[in-house]
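Asks: Got a structure for you, questions after.
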Amino acid sequence: MEAARESMAALLDAGLFGPAQTLGCFLVSSVGAGNDAGMSMKVESLVQHGDALYGEKEFHRALNAYKQAMQYSRSIPRQATSNARSSVSATGRSPSPNSSNLLSFNENEVKFKIALCHSALCEHREALHEMEGIPSKVRTLKMNMMLGKLYRISRNSRTAAVCYKECLRQCPYVFEAITALAEMGLSAKEFSLLFPQAPNRGGKVLGDFVDAQRWWTRYVEAQCCIASHDYKGGLDIYLELMQRFPNNVHILLEIAKVEAIIGRNDEAIMNFEKARLIDPNIMTYMDEYAILLKSKSDYIKLNKLVHDMLHIDPARPETCVALAAMWERKDERKALTYAEKSLRVDDRHITGYIMKGNLHLSLNRPDLAVTDFRGAQELRADLRSYQGLVRAYLALSKCKEALFTAREAMKVMHQSAKALKLVGDVHAISSSGREKARKFYESAIRLEPGFLGAALALADLHVVEGRNKEAVILLEKYLRQWADDSLHIKLAQVHAATNMLSDALSHYQSALRINPQNEAAKNGLERLEKQMKGVDPDAPEEDEENEEDDIDDRDEFI
């Protein structure tokens with residue numbers, strides 16, 4: 001069977017896991033175990049069969065094969081495998097059976113493979129137990145990366161940080177480790193100690209090294225800014241890096257994601273579109289893009305995006321969230337099933353929790369929304385999870401919890417106008433807190449003059465207190481600087497409430513000229529036209545069936 005074993009190695013190297021797992025069945029069943037050599041071949045065949053099964057995503061079967069290999073290896077005399085262990089390749093695969101030594105078996109590599117199977121099955125505790133059995137001195141880069149993730153999942157941040165630091169010592173360009181350490185609070189100065197020392201030739205530091213260290217340091221600083229909620233500082237550094245690396249898809253996506261978090265929706269959409277022009281098959285953060293398109297009621301682009309994502313990879317969590325965003329308008333319960341699917345695919349997908357929480361709010365289940373937004377916060381707290389929690393607590397009439405959460409957001413994001421507005425939203429709920437709300441809204445506007453959310457909230461407060469004229473003055477002031485459909489809609493609502501119907505009509509029409517797909521403007525205009533005809537806009541009428549573009553959901557793939 002030597003030729004078959006050599007073919008097995010070739011199939012695995014070529015990534016042909018289907019034929020390899022079939023061949024593995026023959027090898028595992030044919031190898032005798034009458035002596036040490038036969039036992040070693042049996043062990044090697046089991047490991048290779050496990051590799052093939054893992055490649056086919058048959059994780060339970062792969063796990064069983066690896067465990068059998070470990071069990072059989074213990075019956076091989078130790079001295080028979082000592083030389084072989086030292087010669088194992090970086091992939092952990094056994095050398096050719098033609099070797100004069102007995103076939104190699106790297107116990108640590110097989111433990112790692114067992115941990116990978118457990119992790120793929122979301123059995124994180126079992127995976128961590130297996131990884132902790134690998135001595136720290138022999139852990140490879142991928143082993144340290146795996147351990148860092150597992151310790152983080154188990155909320156052992158201190159030990160996770162040790163593993164991630166070791167990753168950067170082995171290779172400073174493990175960007176996932178940089179992000180994780182920044183989120184765990186490592187400072188830019190501490191990061192600099194992990195970058196390798198500059199090589200020099202003839203007493204001169206190499207120019208390439210200096211350049212690499214410079215942009216690496218700026219990237220680290222950007223990650224540290226964003227992790228500490230200094231979004232403006234992070235964006236400024238990313239924009240600087242874009243000058244050094246034009247059309248860098250990764251940086252474009254990072255910029256777009258941060259812009260989406262802080263509410264710069266138009267800029268975020270533009271940068272997501274730039275990234276898709278450079279790489280039409282990109283999937284990273286495309287669910288964030290889908291949510292933005294839904295918020296803009298741009299269903300033509302949203303449908304196109306979802307079609308593309310289904311074609312690229314229907315099983316990605318981003319695809320599930322994008323489908324949820326698309327279905328939210330027509331069927332919120334179906335949208336919720338897609339949000340839940342995204343978390344079954346990846347239970348650490350933050351956007352899935354955010355989407356699920358917002359859908360539970362829409363379905364009047366704020367109790368479940370609290371759980372969703374807390375899930376997002378446990379992974380990484382950002383403005384959206386704070387906003388969602390505040391809305392959920394207010395829907396549950398838990399004003400104290402809402403105020404505590406809003407104040408926590410203001411504390412961790414002390415330079416954020418959005419956090420100030422969030423505190424104002426809680427105070428605005430009660431008549432006794434409206435004066436405080438007004439001060440918070442005005443502070444948010446002073447901190448960020450272009451923050452339309454605070455201006456709209458302040459206008460609402462003016463209307464509630466009967467100061468319609470002040471609301472109109474405020475909104476018209478903003479409208480002179482920003483041609484935004486939301487400002488026109490708010491002005492239309494204020495004018496309609498004061499029976500200035502022609503002015504309201506003009507603003508609804510202006511909003512639709514800016515964004516023809518704006519649902520709020522369409523609904524408002526429909527109500528206003530009935531009102532102008534003397535018809536009660538709240539009177540029940542026969543439901544009209546609205547047709548939507550069909551889309552192949554491909555449920556069976558998700």
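Labeling convention for the structure tokens: chains A, B, ... as they appear, residues from 1 per chain, ligands from 1 in order of appearance.
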Using only C-alpha atoms, determine which residues lie at most 8 Å from Ala325 in chain A, disregarding the query and same-chain residues fewer than 4 positions distant; provide the list as a list in words.
Replies: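 Contacts, with the query itself left out: Ala290, Ile291, Lys294, Val321, Arg329, Ala335 and Met355 of chain A.
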Asks: Given the choices A:Arg158, A:Leu252, A:Asn108, A:Tyr386, which gets closest to Ile134 in chain A if the distance is worked out from only C-alpha atoms?
Replies: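 With only C-alpha atoms as the atom set, the closest residue is A:Asn108.
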Asks: Neighbours of Lys341 in chain A within 10 Å (only C-alpha atoms; same-chain residues fewer than 2 positions away dropped), as a list in words?
Replies: Ala315, Arg316, Pro317, Thr319, Cys320, Val321, Ala324, Ala335, Leu336, Thr337, Tyr338, Ala339, Leu343, Arg344, Val345, Asp346, Asp347, Gly352 and Ile558 of chain A
Asks: Write the residues of the selection above to a file with N, CA, C and O atoms, as a compact mmCIF listing (two decimals), in the first residue's frame.
Replies:
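In the end it all went to selection_26.txt:
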```txt
# COMPACT_ATOMS: atom_id res chain seq x y z
N ALA A 315 -23.47 30.79 2.62
CA ALA A 315 -23.37 30.28 3.99
C ALA A 315 -22.69 31.24 4.95
O ALA A 315 -22.59 30.95 6.14
N ARG A 316 -22.20 32.37 4.47
CA ARG A 316 -21.52 33.33 5.35
C ARG A 316 -22.53 34.03 6.26
O ARG A 316 -23.67 34.31 5.86
N PRO A 317 -22.14 34.37 7.51
CA PRO A 317 -23.07 35.10 8.39
C PRO A 317 -23.45 36.45 7.81
O PRO A 317 -24.58 36.94 8.02
N THR A 319 -24.07 37.13 4.74
CA THR A 319 -25.17 36.91 3.80
C THR A 319 -26.49 36.79 4.54
O THR A 319 -27.51 37.35 4.11
N CYS A 320 -26.48 36.07 5.65
CA CYS A 320 -27.71 35.92 6.45
C CYS A 320 -28.21 37.27 6.96
O CYS A 320 -29.42 37.56 6.91
N VAL A 321 -27.30 38.11 7.46
CA VAL A 321 -27.71 39.42 7.98
C VAL A 321 -28.22 40.31 6.85
O VAL A 321 -29.20 41.04 7.01
N ALA A 324 -31.64 39.34 6.14
CA ALA A 324 -32.51 39.88 7.19
C ALA A 324 -32.86 41.34 6.91
O ALA A 324 -34.01 41.77 7.06
N ALA A 335 -37.27 37.91 8.51
CA ALA A 335 -35.99 38.59 8.70
C ALA A 335 -35.31 38.09 9.97
O ALA A 335 -34.09 37.87 10.00
N LEU A 336 -36.11 37.89 11.02
CA LEU A 336 -35.55 37.42 12.29
C LEU A 336 -34.93 36.03 12.14
O LEU A 336 -33.88 35.75 12.74
N THR A 337 -35.55 35.16 11.34
CA THR A 337 -34.98 33.82 11.15
C THR A 337 -33.61 33.90 10.50
O THR A 337 -32.71 33.11 10.82
N TYR A 338 -33.43 34.86 9.58
CA TYR A 338 -32.12 35.02 8.94
C TYR A 338 -31.09 35.57 9.93
O TYR A 338 -29.93 35.16 9.93
N ALA A 339 -31.51 36.51 10.79
CA ALA A 339 -30.59 37.03 11.82
C ALA A 339 -30.16 35.90 12.75
O ALA A 339 -28.98 35.81 13.13
N LEU A 343 -26.18 33.86 13.49
CA LEU A 343 -25.53 33.55 14.76
C LEU A 343 -25.31 32.05 14.93
O LEU A 343 -24.42 31.64 15.69
N ARG A 344 -26.10 31.25 14.24
CA ARG A 344 -25.82 29.81 14.24
C ARG A 344 -24.56 29.51 13.43
O ARG A 344 -23.79 28.60 13.75
N VAL A 345 -24.36 30.29 12.38
CA VAL A 345 -23.14 30.14 11.58
C VAL A 345 -21.93 30.62 12.36
O VAL A 345 -20.87 29.98 12.37
N ASP A 346 -22.07 31.75 13.04
CA ASP A 346 -20.96 32.34 13.81
C ASP A 346 -21.56 33.03 15.03
O ASP A 346 -22.14 34.11 14.92
N ASP A 347 -21.42 32.38 16.19
CA ASP A 347 -22.05 32.92 17.40
C ASP A 347 -21.30 34.13 17.97
O ASP A 347 -21.68 34.65 19.03
N GLY A 352 -24.87 40.39 13.65
CA GLY A 352 -26.02 39.51 13.79
C GLY A 352 -26.80 39.82 15.05
O GLY A 352 -28.05 39.85 15.04
N ILE A 558 -28.20 27.78 3.46
CA ILE A 558 -27.89 28.65 4.59
C ILE A 558 -28.20 27.95 5.91
O ILE A 558 -29.22 27.37 6.07
```
Asks: Can you list, as a VMD selection string, every protein, DNA or RNA residue that comes within 12 Å of Gly133 in chain A when you count only C-alpha atoms, leaving out same-chain residues fewer than 6 positions away?
Replies: chain A and resid 107 to 112 114 to 115 126 to 127 139 143 147
Asks: Show me, as a list in words, the residues that have an atom within 8 Å of range 498-513 of chain A when counting only C-alpha atoms, minus same-chain residues fewer than 5 positions from it.
Replies: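 Surrounding residues, per the criterion: Asn468, Asp484, Asp485, Ser486, His488, Ile489, Leu491, Ala492, Gln493, Asn518, Ala521, Lys522, Gly524, Leu525, Leu528 and Met532 of chain A.
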Asks: Using only C-alpha atoms, I'd like a table of the residues in range 378-412 of chain A that come within 10 Å of range 221-244 of chain A; for each, show the closest atom pair and its distance in Å rounded to one decimal, ordered by chain and ascending number, as a tab-separated table.
Replies:
```
residue	atom	partner	partner_atom	distance
A:Arg380	CA	A:Ala227	CA	8.7
A:Ala381	CA	A:Ala227	CA	9.1
A:Asp382	CA	A:His229	CA	7.5
A:Leu383	CA	A:His229	CA	8.6
A:Ala409	CA	A:His229	CA	9.7
A:Val412	CA	A:His229	CA	7.0
```
Asks: Find the residues near Met283 in chain A: any atom within 9 Å, counting only C-alpha atoms, skip ones fewer than 2 places away on the same chain, and give them as a list in words.
Replies: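 Result of the neighbour search: Pro280, Asn281, Tyr285, Met286, Asp287, Met309, Ile312, Asp313, Arg316, Glu318 and Thr319 of chain A.
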Asks: Those same residues, written as an mmCIF file, in the first residue's frame with C-alpha atoms?
Replies:
```
data_model
loop_
_atom_site.group_PDB
_atom_site.id
_atom_site.type_symbol
_atom_site.label_atom_id
_atom_site.label_comp_id
_atom_site.auth_asym_id
_atom_site.auth_seq_id
_atom_site.Cartn_x
_atom_site.Cartn_y
_atom_site.Cartn_z
ATOM 1 C CA PRO A 280 -16.604 42.892 -6.329
ATOM 2 C CA ASN A 281 -16.363 39.577 -4.446
ATOM 3 C CA TYR A 285 -18.651 43.939 6.433
ATOM 4 C CA MET A 286 -21.075 43.655 3.512
ATOM 5 C CA ASP A 287 -23.891 43.080 6.003
ATOM 6 C CA MET A 309 -23.599 37.760 -1.786
ATOM 7 C CA ILE A 312 -20.368 34.422 -3.724
ATOM 8 C CA ASP A 313 -21.076 32.521 -0.485
ATOM 9 C CA ARG A 316 -21.519 33.332 5.354
ATOM 10 C CA GLU A 318 -22.843 38.375 6.440
ATOM 11 C CA THR A 319 -25.167 36.910 3.799
#
```
Asks: Got a sec: who's within 7 Å of range 459-462 of chain A, counting only C-alpha atoms, leaving out chain neighbours fewer than 6 positions off, as a PDB file with all heavy atoms, in the first residue's frame?
Replies:
```
ATOM      1  N   ASN A 468     -43.533  75.126  18.194  1.00  0.00           N
ATOM      2  CA  ASN A 468     -43.431  74.730  16.783  1.00  0.00           C
ATOM      3  C   ASN A 468     -42.589  75.712  15.969  1.00  0.00           C
ATOM      4  O   ASN A 468     -41.850  75.313  15.060  1.00  0.00           O
ATOM      5  CB  ASN A 468     -44.822  74.608  16.162  1.00  0.00           C
ATOM      6  CG  ASN A 468     -45.597  73.433  16.734  1.00  0.00           C
ATOM      7  OD1 ASN A 468     -45.013  72.529  17.326  1.00  0.00           O
ATOM      8  ND2 ASN A 468     -46.901  73.443  16.592  1.00  0.00           N
ATOM      9  N   GLU A 470     -40.032  77.518  16.975  1.00  0.00           N
ATOM     10  CA  GLU A 470     -38.609  77.268  17.227  1.00  0.00           C
ATOM     11  C   GLU A 470     -38.134  76.024  16.478  1.00  0.00           C
ATOM     12  O   GLU A 470     -37.007  75.974  15.971  1.00  0.00           O
ATOM     13  CB  GLU A 470     -38.362  77.100  18.730  1.00  0.00           C
ATOM     14  CG  GLU A 470     -38.419  78.399  19.530  1.00  0.00           C
ATOM     15  CD  GLU A 470     -39.837  78.722  19.990  1.00  0.00           C
ATOM     16  OE1 GLU A 470     -40.803  78.198  19.372  1.00  0.00           O
ATOM     17  OE2 GLU A 470     -39.986  79.494  20.949  1.00  0.00           O
ATOM     18  N   ALA A 471     -38.997  75.005  16.412  1.00  0.00           N
ATOM     19  CA  ALA A 471     -38.641  73.782  15.692  1.00  0.00           C
ATOM     20  C   ALA A 471     -38.408  74.072  14.215  1.00  0.00           C
ATOM     21  O   ALA A 471     -37.435  73.603  13.616  1.00  0.00           O
ATOM     22  CB  ALA A 471     -39.739  72.731  15.858  1.00  0.00           C
ATOM     23  N   LEU A 474     -35.128  76.047  13.685  1.00  0.00           N
ATOM     24  CA  LEU A 474     -33.969  75.171  13.843  1.00  0.00           C
ATOM     25  C   LEU A 474     -33.776  74.292  12.598  1.00  0.00           C
ATOM     26  O   LEU A 474     -32.672  74.193  12.051  1.00  0.00           O
ATOM     27  CB  LEU A 474     -34.150  74.288  15.080  1.00  0.00           C
ATOM     28  CG  LEU A 474     -33.087  73.196  15.297  1.00  0.00           C
ATOM     29  CD1 LEU A 474     -31.726  73.814  15.607  1.00  0.00           C
ATOM     30  CD2 LEU A 474     -33.509  72.248  16.427  1.00  0.00           C
TER      31      LEU A 474
END
```
Asks: So how far away is CA of Pro449 in chain A from CA of Glu259 in chain A, in Å?
Replies: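 Answer for the CA of Glu259 in chain A to CA of Pro449 in chain A separation: 16.6 Å.
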